[in-house]
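Shown next: start.txt, containing compact mmCIF, C-alpha atoms and all ligand atoms.
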```
# COMPACT_ATOMS: atom_id res chain seq x y z
CA MET A 1 32.00 -0.33 -68.72
CA HIS A 2 33.69 -3.73 -68.60
CA ASP A 3 34.77 -5.85 -65.61
CA ARG A 4 31.59 -4.97 -63.72
CA ASP A 5 30.91 -8.17 -61.75
CA ILE A 6 33.35 -8.33 -58.89
CA LEU A 7 33.64 -10.98 -56.19
CA ILE A 8 35.13 -9.82 -52.87
CA SER A 9 36.36 -12.36 -50.31
CA GLY A 10 36.05 -11.14 -46.69
CA ALA A 11 33.40 -9.07 -44.88
CA SER A 12 35.43 -7.29 -42.21
CA ILE A 13 36.77 -3.77 -42.94
CA ALA A 14 38.37 -3.81 -46.40
CA GLY A 15 35.71 -6.05 -48.01
CA PRO A 16 32.55 -4.06 -47.21
CA ALA A 17 34.44 -0.78 -47.81
CA VAL A 18 35.51 -1.81 -51.31
CA ALA A 19 31.98 -3.12 -51.97
CA TYR A 20 30.56 0.26 -50.90
CA TRP A 21 32.73 2.21 -53.31
CA LEU A 22 32.34 -0.24 -56.17
CA ARG A 23 28.58 -0.02 -55.83
CA ARG A 24 28.72 3.76 -55.78
CA HIS A 25 30.77 3.73 -58.97
CA GLY A 26 28.24 1.51 -60.76
CA PHE A 27 29.87 -1.92 -60.35
CA ASN A 28 28.14 -5.06 -59.18
CA PRO A 29 30.00 -6.43 -56.13
CA THR A 30 29.31 -9.71 -54.30
CA VAL A 31 30.92 -10.42 -50.91
CA VAL A 32 31.66 -13.94 -49.69
CA GLU A 33 32.57 -14.38 -46.00
CA ARG A 34 33.67 -17.58 -44.30
CA ALA A 35 31.94 -16.74 -40.99
CA PRO A 36 28.13 -17.07 -40.57
CA ALA A 37 27.81 -13.28 -40.03
CA PRO A 38 30.12 -10.24 -39.86
CA ARG A 39 32.58 -11.12 -37.12
CA ALA A 40 32.43 -9.12 -33.90
CA GLY A 41 35.39 -8.63 -31.61
CA GLY A 42 38.82 -7.12 -31.67
CA GLN A 43 40.33 -4.14 -29.99
CA ALA A 44 39.49 -0.50 -30.32
CA ILE A 45 41.03 0.74 -33.55
CA ASP A 46 41.88 4.25 -34.68
CA LEU A 47 40.67 5.99 -37.79
CA ARG A 48 43.53 8.26 -38.62
CA GLY A 49 44.30 10.93 -41.19
CA ALA A 50 43.11 10.07 -44.70
CA ALA A 51 40.92 7.25 -43.35
CA ARG A 52 38.77 9.81 -41.56
CA ALA A 53 38.29 11.61 -44.86
CA VAL A 54 37.23 8.33 -46.50
CA ALA A 55 34.76 7.62 -43.67
CA ASP A 56 33.41 11.14 -44.14
CA ARG A 57 32.98 10.64 -47.89
CA MET A 58 31.10 7.40 -47.11
CA GLY A 59 28.73 9.31 -44.83
CA ILE A 60 29.55 7.12 -41.81
CA LEU A 61 31.69 9.55 -39.81
CA ASP A 62 28.85 10.55 -37.47
CA GLN A 63 28.09 6.90 -36.68
CA VAL A 64 31.77 6.32 -36.01
CA ARG A 65 31.88 9.34 -33.68
CA GLN A 66 28.82 8.08 -31.78
CA ALA A 67 30.53 4.72 -31.23
CA HIS A 68 33.76 6.42 -30.08
CA VAL A 69 35.28 4.39 -27.24
CA GLY A 70 36.45 7.52 -25.45
CA THR A 71 39.75 6.30 -24.04
CA ARG A 72 41.14 8.98 -21.72
CA GLY A 73 44.62 7.54 -21.62
CA ILE A 74 46.75 4.53 -20.76
CA SER A 75 48.53 3.69 -17.52
CA TYR A 76 51.16 1.02 -16.95
CA VAL A 77 50.48 -0.41 -13.48
CA ASP A 78 52.20 -2.74 -11.02
CA ALA A 79 50.65 -5.94 -9.69
CA ALA A 80 48.68 -3.96 -7.09
CA ASN A 81 47.27 -1.57 -9.72
CA ARG A 82 49.48 1.33 -8.67
CA ARG A 83 50.13 3.58 -11.65
CA LEU A 84 53.78 3.53 -12.70
CA ALA A 85 53.53 5.65 -15.84
CA SER A 86 50.55 7.31 -17.52
CA MET A 87 49.89 8.81 -20.89
CA PRO A 88 46.73 10.91 -21.20
CA ALA A 89 45.08 10.59 -24.62
CA ASP A 90 45.61 14.26 -25.40
CA LEU A 91 49.25 14.29 -24.35
CA LEU A 92 50.57 14.24 -27.85
CA GLY A 93 48.11 16.71 -29.31
CA ASP A 94 44.97 16.02 -31.31
CA SER A 95 46.53 16.68 -34.70
CA GLY A 96 48.72 13.66 -34.37
CA GLY A 97 48.11 12.17 -30.97
CA ALA A 98 49.23 8.58 -30.92
CA ILE A 99 46.22 7.59 -28.85
CA ALA A 100 43.95 10.61 -29.26
CA GLU A 101 42.40 9.86 -32.63
CA LEU A 102 38.91 8.63 -33.39
CA GLU A 103 38.74 5.25 -31.66
CA ILE A 104 36.03 2.70 -32.23
CA LEU A 105 35.71 -1.00 -31.45
CA ARG A 106 36.63 -3.00 -34.53
CA GLY A 107 33.37 -4.94 -34.31
CA ASP A 108 31.34 -1.72 -34.24
CA LEU A 109 33.05 -0.46 -37.39
CA VAL A 110 32.43 -3.79 -39.14
CA ASP A 111 28.77 -3.45 -38.20
CA ILE A 112 28.55 0.13 -39.52
CA LEU A 113 30.16 -0.88 -42.83
CA TYR A 114 27.91 -3.91 -43.19
CA ARG A 115 24.77 -1.87 -42.56
CA ALA A 116 25.95 0.74 -45.08
CA THR A 117 26.17 -1.89 -47.82
CA ARG A 118 23.85 -4.81 -47.11
CA ASP A 119 20.81 -3.36 -48.92
CA ASP A 120 22.47 -3.16 -52.32
CA VAL A 121 25.37 -5.59 -52.13
CA GLU A 122 24.94 -9.36 -52.25
CA TYR A 123 26.50 -11.01 -49.17
CA VAL A 124 27.13 -14.76 -49.06
CA PHE A 125 28.01 -15.97 -45.55
CA GLU A 126 29.43 -19.32 -44.44
CA ASP A 127 31.22 -19.90 -47.69
CA ALA A 128 34.67 -19.39 -49.14
CA ILE A 129 36.41 -19.50 -52.48
CA ALA A 130 37.80 -22.99 -53.14
CA ASP A 131 39.37 -22.38 -56.55
CA ILE A 132 39.81 -19.71 -59.19
CA ALA A 133 40.50 -20.26 -62.88
CA GLU A 134 41.11 -17.20 -65.04
CA ASP A 135 40.87 -16.71 -68.78
CA ASP A 136 40.45 -13.69 -71.07
CA ALA A 137 36.73 -13.54 -70.40
CA GLY A 138 36.74 -13.65 -66.61
CA VAL A 139 37.34 -15.74 -63.51
CA LYS A 140 35.55 -19.01 -62.87
CA VAL A 141 35.15 -19.39 -59.13
CA ALA A 142 34.43 -22.62 -57.29
CA PHE A 143 33.06 -22.26 -53.74
CA GLN A 144 33.38 -24.56 -50.77
CA ARG A 145 29.58 -24.78 -50.46
CA GLY A 146 27.80 -22.84 -53.20
CA GLN A 147 27.58 -23.48 -56.94
CA PRO A 148 30.43 -22.27 -59.20
CA ARG A 149 30.00 -18.77 -60.64
CA THR A 150 31.87 -16.54 -63.09
CA PHE A 151 33.00 -13.00 -62.26
CA ASP A 152 35.00 -10.38 -64.11
CA LEU A 153 37.36 -9.77 -61.20
CA VAL A 154 38.14 -11.18 -57.74
CA VAL A 155 39.28 -9.06 -54.78
CA GLY A 156 40.93 -10.69 -51.78
CA ALA A 157 39.95 -8.71 -48.65
CA ASP A 158 40.27 -11.76 -46.45
CA GLY A 159 42.96 -10.69 -44.03
CA VAL A 160 46.48 -11.67 -43.13
CA HIS A 161 45.82 -15.37 -43.84
CA SER A 162 44.05 -14.59 -47.14
CA GLY A 163 42.66 -17.55 -49.05
CA VAL A 164 42.58 -15.55 -52.30
CA ARG A 165 46.27 -14.69 -51.90
CA ALA A 166 47.10 -18.37 -51.38
CA LEU A 167 45.21 -19.33 -54.56
CA ALA A 168 46.54 -16.54 -56.80
CA PHE A 169 50.00 -15.82 -55.38
CA GLY A 170 51.07 -18.89 -53.41
CA GLU A 171 51.74 -20.10 -49.86
CA GLU A 172 51.52 -17.46 -47.12
CA SER A 173 55.00 -18.30 -45.79
CA ALA A 174 56.39 -16.41 -48.79
CA PHE A 175 54.59 -13.16 -47.83
CA VAL A 176 53.83 -13.17 -44.10
CA ARG A 177 56.64 -12.05 -41.79
CA HIS A 178 56.25 -13.02 -38.14
CA LEU A 179 57.27 -10.08 -35.94
CA GLY A 180 58.01 -12.25 -32.90
CA ALA A 181 54.79 -11.81 -30.93
CA TYR A 182 51.13 -12.81 -30.56
CA VAL A 183 48.07 -10.71 -29.81
CA SER A 184 44.75 -11.67 -28.29
CA SER A 185 41.62 -9.79 -27.24
CA PHE A 186 38.08 -10.45 -26.04
CA SER A 187 35.27 -8.53 -24.41
CA THR A 188 34.66 -8.96 -20.71
CA ALA A 189 33.08 -7.30 -17.66
CA ASN A 190 34.46 -3.92 -16.53
CA HIS A 191 35.12 -5.44 -13.12
CA LEU A 192 37.59 -2.70 -12.14
CA GLU A 193 35.00 -0.01 -12.93
CA LEU A 194 37.54 1.76 -15.09
CA ASP A 195 36.56 5.26 -16.04
CA GLY A 196 37.99 5.79 -19.51
CA TRP A 197 41.52 4.62 -18.63
CA GLU A 198 43.29 1.62 -20.11
CA LEU A 199 45.46 -0.28 -17.62
CA LEU A 200 48.41 -2.33 -18.85
CA HIS A 201 50.66 -4.62 -16.85
CA SER A 202 54.02 -5.80 -18.20
CA VAL A 203 56.40 -8.55 -17.16
CA PRO A 204 59.36 -9.40 -19.41
CA GLY A 205 58.02 -10.49 -22.80
CA ARG A 206 54.35 -10.15 -21.85
CA THR A 207 51.81 -7.34 -21.48
CA ALA A 208 48.18 -7.73 -20.47
CA GLY A 209 45.62 -4.95 -20.34
CA ILE A 210 42.02 -3.96 -19.93
CA TYR A 211 40.05 -0.89 -20.97
CA PRO A 212 36.41 0.12 -20.62
CA THR A 213 33.98 0.20 -23.55
CA ARG A 214 30.28 0.94 -24.04
CA GLN A 215 30.24 3.83 -21.57
CA GLY A 216 31.98 1.66 -19.02
CA THR A 217 29.38 -1.12 -19.05
CA ARG A 218 31.85 -3.54 -20.67
CA ALA A 219 35.60 -3.83 -21.17
CA THR A 220 38.07 -5.31 -23.62
CA ALA A 221 40.94 -7.46 -22.39
CA VAL A 222 44.14 -7.44 -24.46
CA PHE A 223 47.23 -9.62 -24.34
CA PHE A 224 50.56 -9.37 -26.15
CA PHE A 225 53.41 -11.83 -25.72
CA ALA A 226 56.76 -12.39 -27.37
CA SER A 227 57.10 -15.79 -29.01
CA PRO A 228 58.63 -17.47 -32.01
CA PRO A 229 56.03 -18.84 -34.47
CA LEU A 230 53.67 -21.33 -32.80
CA ALA A 231 52.04 -24.27 -34.54
CA TYR A 232 48.27 -24.27 -34.01
CA ASP A 233 45.00 -24.66 -35.89
CA ARG A 234 43.64 -21.23 -36.86
CA TYR A 235 40.07 -22.52 -36.63
CA ASP A 236 40.45 -24.16 -33.22
CA LEU A 237 39.65 -21.37 -30.75
CA GLY A 238 39.92 -23.75 -27.76
CA GLN A 239 43.50 -24.55 -28.69
CA GLN A 240 44.30 -20.83 -29.02
CA GLN A 241 42.71 -20.12 -25.62
CA ARG A 242 44.88 -22.82 -24.05
CA LEU A 243 47.97 -21.28 -25.67
CA LEU A 244 47.12 -17.88 -24.25
CA ALA A 245 46.35 -19.28 -20.80
CA ALA A 246 49.70 -21.11 -20.77
CA ALA A 247 51.64 -18.04 -21.93
CA PHE A 248 50.19 -15.90 -19.09
CA ALA A 249 49.87 -18.63 -16.45
CA ASP A 250 52.06 -16.97 -13.80
CA GLN A 251 51.56 -13.27 -14.49
CA GLY A 252 49.47 -12.19 -11.49
CA TRP A 253 47.78 -8.74 -11.53
CA GLU A 254 44.24 -9.05 -13.02
CA VAL A 255 45.36 -11.78 -15.41
CA PRO A 256 43.88 -14.82 -13.59
CA ARG A 257 40.48 -13.10 -13.47
CA LEU A 258 40.64 -12.10 -17.14
CA LEU A 259 41.72 -15.57 -18.22
CA ALA A 260 38.88 -17.12 -16.21
CA ALA A 261 36.46 -14.91 -18.17
CA MET A 262 38.14 -15.78 -21.50
CA TRP A 263 36.49 -19.22 -21.77
CA GLU A 264 33.02 -17.63 -21.92
CA ALA A 265 33.94 -14.67 -24.16
CA PRO A 266 31.75 -14.50 -27.29
CA ASP A 267 34.43 -12.83 -29.42
CA PHE A 268 37.83 -14.34 -28.56
CA TYR A 269 40.50 -13.26 -31.07
CA PHE A 270 44.06 -14.60 -31.34
CA ASP A 271 46.65 -14.12 -34.06
CA SER A 272 50.33 -13.64 -34.67
CA VAL A 273 51.75 -10.14 -34.91
CA SER A 274 52.77 -10.25 -38.56
CA GLN A 275 53.30 -8.09 -41.57
CA VAL A 276 52.47 -8.94 -45.17
CA HIS A 277 54.84 -7.90 -47.95
CA LEU A 278 54.21 -8.51 -51.66
CA ASP A 279 55.95 -7.04 -54.68
CA ARG A 280 52.60 -6.71 -56.43
CA TRP A 281 49.05 -6.57 -55.11
CA SER A 282 47.43 -7.95 -58.25
CA ARG A 283 47.86 -10.83 -60.61
CA GLY A 284 45.73 -10.92 -63.74
CA ARG A 285 42.10 -10.41 -62.70
CA VAL A 286 42.77 -10.83 -58.99
CA ALA A 287 43.68 -7.98 -56.63
CA LEU A 288 44.33 -7.88 -52.89
CA VAL A 289 43.38 -5.11 -50.45
CA GLY A 290 43.77 -4.49 -46.71
CA ASP A 291 45.62 -6.96 -44.50
CA ALA A 292 45.63 -9.56 -47.30
CA ALA A 293 47.90 -7.25 -49.31
CA TRP A 294 49.94 -5.31 -46.75
CA CYS A 295 49.02 -6.08 -43.13
CA PRO A 296 51.12 -3.58 -41.14
CA SER A 297 50.55 -5.63 -37.93
CA PRO A 298 48.56 -4.64 -34.83
CA MET A 299 51.69 -2.83 -33.57
CA ALA A 300 51.44 -0.20 -36.30
CA GLY A 301 48.02 1.04 -35.18
CA VAL A 302 47.00 1.93 -38.73
CA GLY A 303 45.77 -1.42 -40.19
CA THR A 304 42.14 -0.37 -40.35
CA SER A 305 42.99 3.07 -41.73
CA LEU A 306 45.10 1.53 -44.51
CA ALA A 307 42.28 -0.92 -45.31
CA LEU A 308 39.66 1.84 -45.61
CA VAL A 309 41.87 4.06 -47.75
CA GLY A 310 43.02 1.10 -49.87
CA ALA A 311 39.41 0.12 -50.56
CA TYR A 312 38.58 3.67 -51.61
CA VAL A 313 41.54 3.85 -54.00
CA LEU A 314 41.05 0.37 -55.50
CA ALA A 315 37.39 1.03 -56.34
CA GLY A 316 38.17 4.58 -57.46
CA GLU A 317 40.90 3.48 -59.85
CA LEU A 318 38.57 0.85 -61.33
CA ALA A 319 35.98 3.56 -61.91
CA ALA A 320 38.53 5.99 -63.35
CA ALA A 321 39.74 3.30 -65.77
CA GLY A 322 36.18 2.50 -66.89
CA GLY A 323 36.56 -0.98 -65.40
CA ASP A 324 39.78 -1.81 -67.26
CA HIS A 325 41.47 -3.86 -64.56
CA ARG A 326 44.97 -3.61 -66.02
CA ALA A 327 45.05 0.18 -65.93
CA ALA A 328 43.16 0.27 -62.64
CA PHE A 329 45.44 -2.14 -60.75
CA ALA A 330 48.53 -0.25 -61.96
CA GLY A 331 47.02 3.04 -60.75
CA TYR A 332 46.05 1.43 -57.44
CA GLU A 333 49.65 0.46 -56.69
CA ALA A 334 51.02 3.82 -57.83
CA GLU A 335 48.67 5.71 -55.52
CA LEU A 336 49.15 3.54 -52.43
CA ARG A 337 52.63 2.05 -52.25
CA ASP A 338 54.31 4.89 -50.39
CA TYR A 339 51.40 5.43 -47.99
CA VAL A 340 51.35 1.72 -47.09
CA ALA A 341 55.13 1.57 -46.63
CA GLN A 342 54.99 4.49 -44.19
CA GLY A 343 52.23 2.77 -42.22
CA GLN A 344 54.16 -0.49 -42.02
CA ARG A 345 57.23 1.30 -40.67
CA LEU A 346 55.29 2.43 -37.56
CA ALA A 347 55.20 -1.14 -36.18
CA LYS A 348 58.81 -1.36 -35.04
CA GLY A 349 58.96 1.30 -32.32
CA ASN A 350 55.56 0.42 -30.88
CA ALA A 351 56.47 -3.27 -30.45
CA ALA A 352 59.50 -2.42 -28.32
CA GLY A 353 57.39 -0.23 -26.02
CA LEU A 354 54.47 -2.61 -25.69
CA ILE A 355 56.40 -5.83 -25.07
CA PRO A 356 59.71 -4.99 -23.36
CA ARG A 357 61.83 -8.14 -23.05
CA SER A 358 63.50 -7.49 -19.66
CA ARG A 359 62.90 -5.70 -16.35
CA PRO A 360 65.39 -2.92 -17.22
CA GLN A 361 63.54 -2.38 -20.50
CA ILE A 362 60.21 -2.18 -18.66
CA TRP A 363 61.72 0.35 -16.23
CA MET A 364 63.15 2.36 -19.12
CA ARG A 365 59.82 2.37 -20.99
CA ASN A 366 58.02 3.64 -17.91
CA GLN A 367 60.63 6.35 -17.31
CA LEU A 368 60.33 7.53 -20.91
CA ILE A 369 56.54 7.79 -20.60
CA ARG A 370 56.88 9.76 -17.37
CA MET A 371 59.30 12.18 -18.97
CA LEU A 372 57.33 12.56 -22.18
CA PRO A 373 55.24 15.62 -21.19
CA HIS A 374 58.49 17.50 -20.44
CA MET A 375 60.31 16.49 -23.61
CA PRO A 376 60.78 19.02 -26.39
CA TRP A 377 60.74 16.15 -28.91
CA ARG A 378 57.40 14.76 -27.82
CA GLY A 379 55.84 16.23 -30.95
CA LEU A 380 58.09 14.02 -33.06
CA VAL A 381 56.35 10.88 -31.79
CA ALA A 382 52.95 12.27 -32.70
CA GLY A 383 54.32 13.77 -35.88
CA GLY A 384 55.47 10.37 -37.18
CA VAL A 385 52.02 8.82 -36.84
CA HIS A 386 50.33 11.93 -38.18
CA LYS A 387 52.64 12.05 -41.21
CA ALA A 388 52.13 8.36 -42.03
CA ALA A 389 48.34 8.60 -41.63
CA ASN A 390 48.23 11.53 -44.04
CA ALA A 391 50.85 10.35 -46.52
CA ILE A 392 48.38 10.24 -49.38
CA THR A 393 46.35 12.86 -51.21
CA LEU A 394 42.98 11.33 -51.89
CA LYS A 395 41.81 11.72 -55.46
CA ASP A 396 38.24 12.77 -56.03
CA TYR A 397 37.07 9.78 -58.09
CA ARG A 398 33.92 10.48 -60.08
CA SER A 399 31.66 7.70 -61.25
C1 LIG A 401 37.49 -11.16 -35.46
C2 LIG A 401 38.67 -10.25 -35.73
C3 LIG A 401 39.28 -9.58 -34.66
C4 LIG A 401 40.36 -8.75 -34.88
N1 LIG A 401 40.94 -8.14 -33.80
C5 LIG A 401 42.02 -7.36 -33.99
C6 LIG A 401 42.69 -6.76 -32.89
O1 LIG A 401 42.33 -6.97 -31.74
N2 LIG A 401 43.77 -5.99 -33.15
C7 LIG A 401 44.21 -5.74 -34.42
O2 LIG A 401 45.17 -5.01 -34.61
N3 LIG A 401 43.59 -6.29 -35.48
C8 LIG A 401 42.52 -7.10 -35.30
N4 LIG A 401 41.93 -7.69 -36.39
C9 LIG A 401 42.45 -7.38 -37.74
C10 LIG A 401 41.91 -6.04 -38.24
O3 LIG A 401 40.52 -6.11 -38.41
C11 LIG A 401 42.62 -5.72 -39.53
O4 LIG A 401 44.02 -5.56 -39.26
C12 LIG A 401 42.25 -4.43 -40.26
O5 LIG A 401 41.07 -3.87 -39.82
C13 LIG A 401 42.19 -4.66 -41.78
O6 LIG A 401 41.03 -5.40 -42.06
P1 LIG A 401 40.83 -6.38 -43.28
O7 LIG A 401 39.38 -6.26 -43.65
O8 LIG A 401 41.85 -6.17 -44.33
O9 LIG A 401 41.14 -7.84 -42.69
P2 LIG A 401 40.45 -8.62 -41.48
O10 LIG A 401 39.87 -7.70 -40.49
O11 LIG A 401 41.42 -9.62 -40.99
O12 LIG A 401 39.21 -9.37 -42.17
C14 LIG A 401 39.30 -10.49 -42.99
C15 LIG A 401 37.91 -11.08 -43.15
O13 LIG A 401 37.97 -12.12 -44.10
C16 LIG A 401 37.34 -13.28 -43.58
N5 LIG A 401 38.00 -14.43 -44.19
C17 LIG A 401 39.23 -14.93 -43.90
N6 LIG A 401 39.52 -15.94 -44.74
C18 LIG A 401 38.47 -16.06 -45.58
C19 LIG A 401 38.20 -16.91 -46.69
N7 LIG A 401 39.09 -17.82 -47.08
N8 LIG A 401 37.03 -16.74 -47.34
C20 LIG A 401 36.12 -15.81 -46.95
N9 LIG A 401 36.33 -14.97 -45.91
C21 LIG A 401 37.49 -15.11 -45.23
C22 LIG A 401 37.52 -13.18 -42.07
O14 LIG A 401 36.55 -13.93 -41.38
C23 LIG A 401 37.34 -11.67 -41.87
O15 LIG A 401 36.00 -11.33 -41.73
C24 LIG A 401 40.85 -8.55 -36.21
C25 LIG A 401 40.24 -9.20 -37.28
C26 LIG A 401 39.17 -10.06 -37.06
C27 LIG A 401 38.54 -10.77 -38.25
```

So that I can check it, write out the structure of this file as structure tokens.
Amino acid sequence: MHDRDILISGASIAGPAVAYWLRRHGFNPTVVERAPAPRAGGQAIDLRGAARAVADRMGILDQVRQAHVGTRGISYVDAANRRLASMPADLLGDSGGAIAELEILRGDLVDILYRATRDDVEYVFEDAIADIAEDDAGVKVAFQRGQPRTFDLVVGADGVHSGVRALAFGEESAFVRHLGAYVSSFSTANHLELDGWELLHSVPGRTAGIYPTRQGTRATAVFFFASPPLAYDRYDLGQQQRLLAAAFADQGWEVPRLLAAMWEAPDFYFDSVSQVHLDRWSRGRVALVGDAAWCPSPMAGVGTSLALVGAYVLAGELAAAGGDHRAAFAGYEAELRDYVAQGQRLAKGNAAGLIPRSRPQIWMRNQLIRMLPHMPWRGLVAGGVHKAANAITLKDYRS
């Protein structure tokens, strides 16, 4: 087999998942991650449809189930915590329930994937690719800290602001589409003693929320706000915290208490709500996977599922092609394009519901949620998510 030595940039979801499958197919993956360790934090994420099947094939489904957050539903509340509209998790049916799927904290899934791979995959933390130079024999990689090395292939699994994409494809402004909002999350105390329910509070252009985690011993605070693109340093968390505090300064509800806790949070996360669109996910010996290639945005609710399935297909196609990257990368795109496009399309409707721009829109959103159980078309909402999450037939790649 050729093209065996493969460098993967990013140790979140897509990176360790592609490393897992490459290893299983007999390749020799190395993962380089900018952070000093796998990064904790983030919201609860759903494993939907085909992604569950991939987790099952990886043998991690039981661990995922054990870490299940167990959200019982979401309620939009007023400033005094009175429930205005509620959506139980099972409202839309388990086969396609928009919020009833297998839900796990992003950081817990990262941890499970890291533990599933760390014994037989080389991880290099606190480093990043500085330069790549490709010729017929392979890719010479310069690192920001370590010594230069040569690999057969490079995979960019380094998220929406991918460094590999910038080096191989060009500036991110050509590929990243801002969807007009920002998202933030961090873990905090469950000071409301919430029992499985997520509470959300909206004012025009802004929604804040909190839901319990870890059997109610902790909680995750979430914030979404409409905004044109903001200029800030992606590595300056203090600056991002100040931006969030300013955006929610006058909201009321539980927001002052949550923002007070934000400064001490160990896992503050802040990013734009963006999608990534590229005509091709590979160039020469470099391929992209996960958010780096096709981020559907946090509004779509399928980013992690797409990353897991994409990792499975990328590694599988490399195995099926005996390591021939040209054939493999072509097969990878052919298998995934439609599935990814369906996932990306989910973002639009969800954004309107989560961040209504006016009081009438907030009222309308709440009315729609209240009416939902009585609506004959309620299955359509679930059906759309279910269809997108299953819009791929997984091949059975053999090593
Ligand atoms: C800390 C964190 C919190 C998140 N919280 C949320 C959330 O609340 N809601 C949501 O919808 N999505 C969140 N996401 C994004 C979510 O994880 C992804 O949308 C999805 O799971 C796909 O994952 P991915 O592995 O493709 O990309 P990501 O999860 O974005 O992972 C990219 C990884 O690459 C690393 N990296 C970035 N640049 C470089 C570089 N140049 N060199 C080496 N490594 C690099 C990052 O540190 C990260 O570990 C979060 C991501 C992170 C990293």

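Using only C-alpha atoms, the contacts of A:Asp396 at a cut-off of 12 Å, with sequence neighbours closer than 5 positions omitted, comprise Ala53, Val54, Arg57, Tyr312, Val313, Ala315, Gly316, Glu317, Ala319 and Ala320 of chain A.
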
### Task
Could you pull out the residues sitting within 6 Å of ligand LIG 401 (chain A), using only C-alpha atoms and all ligand atoms, and write them as a PyMOL selection string?
chain A and resi 9-15+32-35+39-43+128-129+157-160+162-163+185+269+290-292+298+303-304+307

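The shortest atom-to-atom distance to A:Pro212, with all atoms listed in the file taken into account, belongs to A:Arg72 out of A:Arg23, A:Arg72, A:Arg83, A:His374.
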
Neighbours of point (36.5, -2.8, -67.4) within 10 Å, using all atoms listed in the file, written as an mmCIF file with C-alpha atoms, keeping the file's coordinate frame:
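Below is the file that was written, out.cif:
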```
data_model
loop_
_atom_site.group_PDB
_atom_site.id
_atom_site.type_symbol
_atom_site.label_atom_id
_atom_site.label_comp_id
_atom_site.auth_asym_id
_atom_site.auth_seq_id
_atom_site.Cartn_x
_atom_site.Cartn_y
_atom_site.Cartn_z
ATOM 1 C CA MET A 1 32.000 -0.330 -68.720
ATOM 2 C CA HIS A 2 33.690 -3.730 -68.600
ATOM 3 C CA ASP A 3 34.770 -5.850 -65.610
ATOM 4 C CA ARG A 4 31.590 -4.970 -63.720
ATOM 5 C CA ASP A 5 30.910 -8.170 -61.750
ATOM 6 C CA PHE A 27 29.870 -1.920 -60.350
ATOM 7 C CA ASP A 152 35.000 -10.380 -64.110
ATOM 8 C CA LEU A 153 37.360 -9.770 -61.200
ATOM 9 C CA LEU A 318 38.570 0.850 -61.330
ATOM 10 C CA ALA A 319 35.980 3.560 -61.910
ATOM 11 C CA ALA A 320 38.530 5.990 -63.350
ATOM 12 C CA ALA A 321 39.740 3.300 -65.770
ATOM 13 C CA GLY A 322 36.180 2.500 -66.890
ATOM 14 C CA GLY A 323 36.560 -0.980 -65.400
ATOM 15 C CA ASP A 324 39.780 -1.810 -67.260
ATOM 16 C CA HIS A 325 41.470 -3.860 -64.560
ATOM 17 C CA ARG A 326 44.970 -3.610 -66.020
ATOM 18 C CA ALA A 327 45.050 0.180 -65.930
ATOM 19 C CA ALA A 328 43.160 0.270 -62.640
#
```

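Distances to A:Asp250 were evaluated for A:Ala311, A:Val139, A:Val203, A:Leu7 using all atoms listed in the file, and the minimum falls at A:Val203.
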
### Point (48.9, 10.2, -41.5), cut-off 9 Å, counting only C-alpha atoms, residues as a ChimeraX atom specification
/A:48-51,96,302,339,342-343,383-392
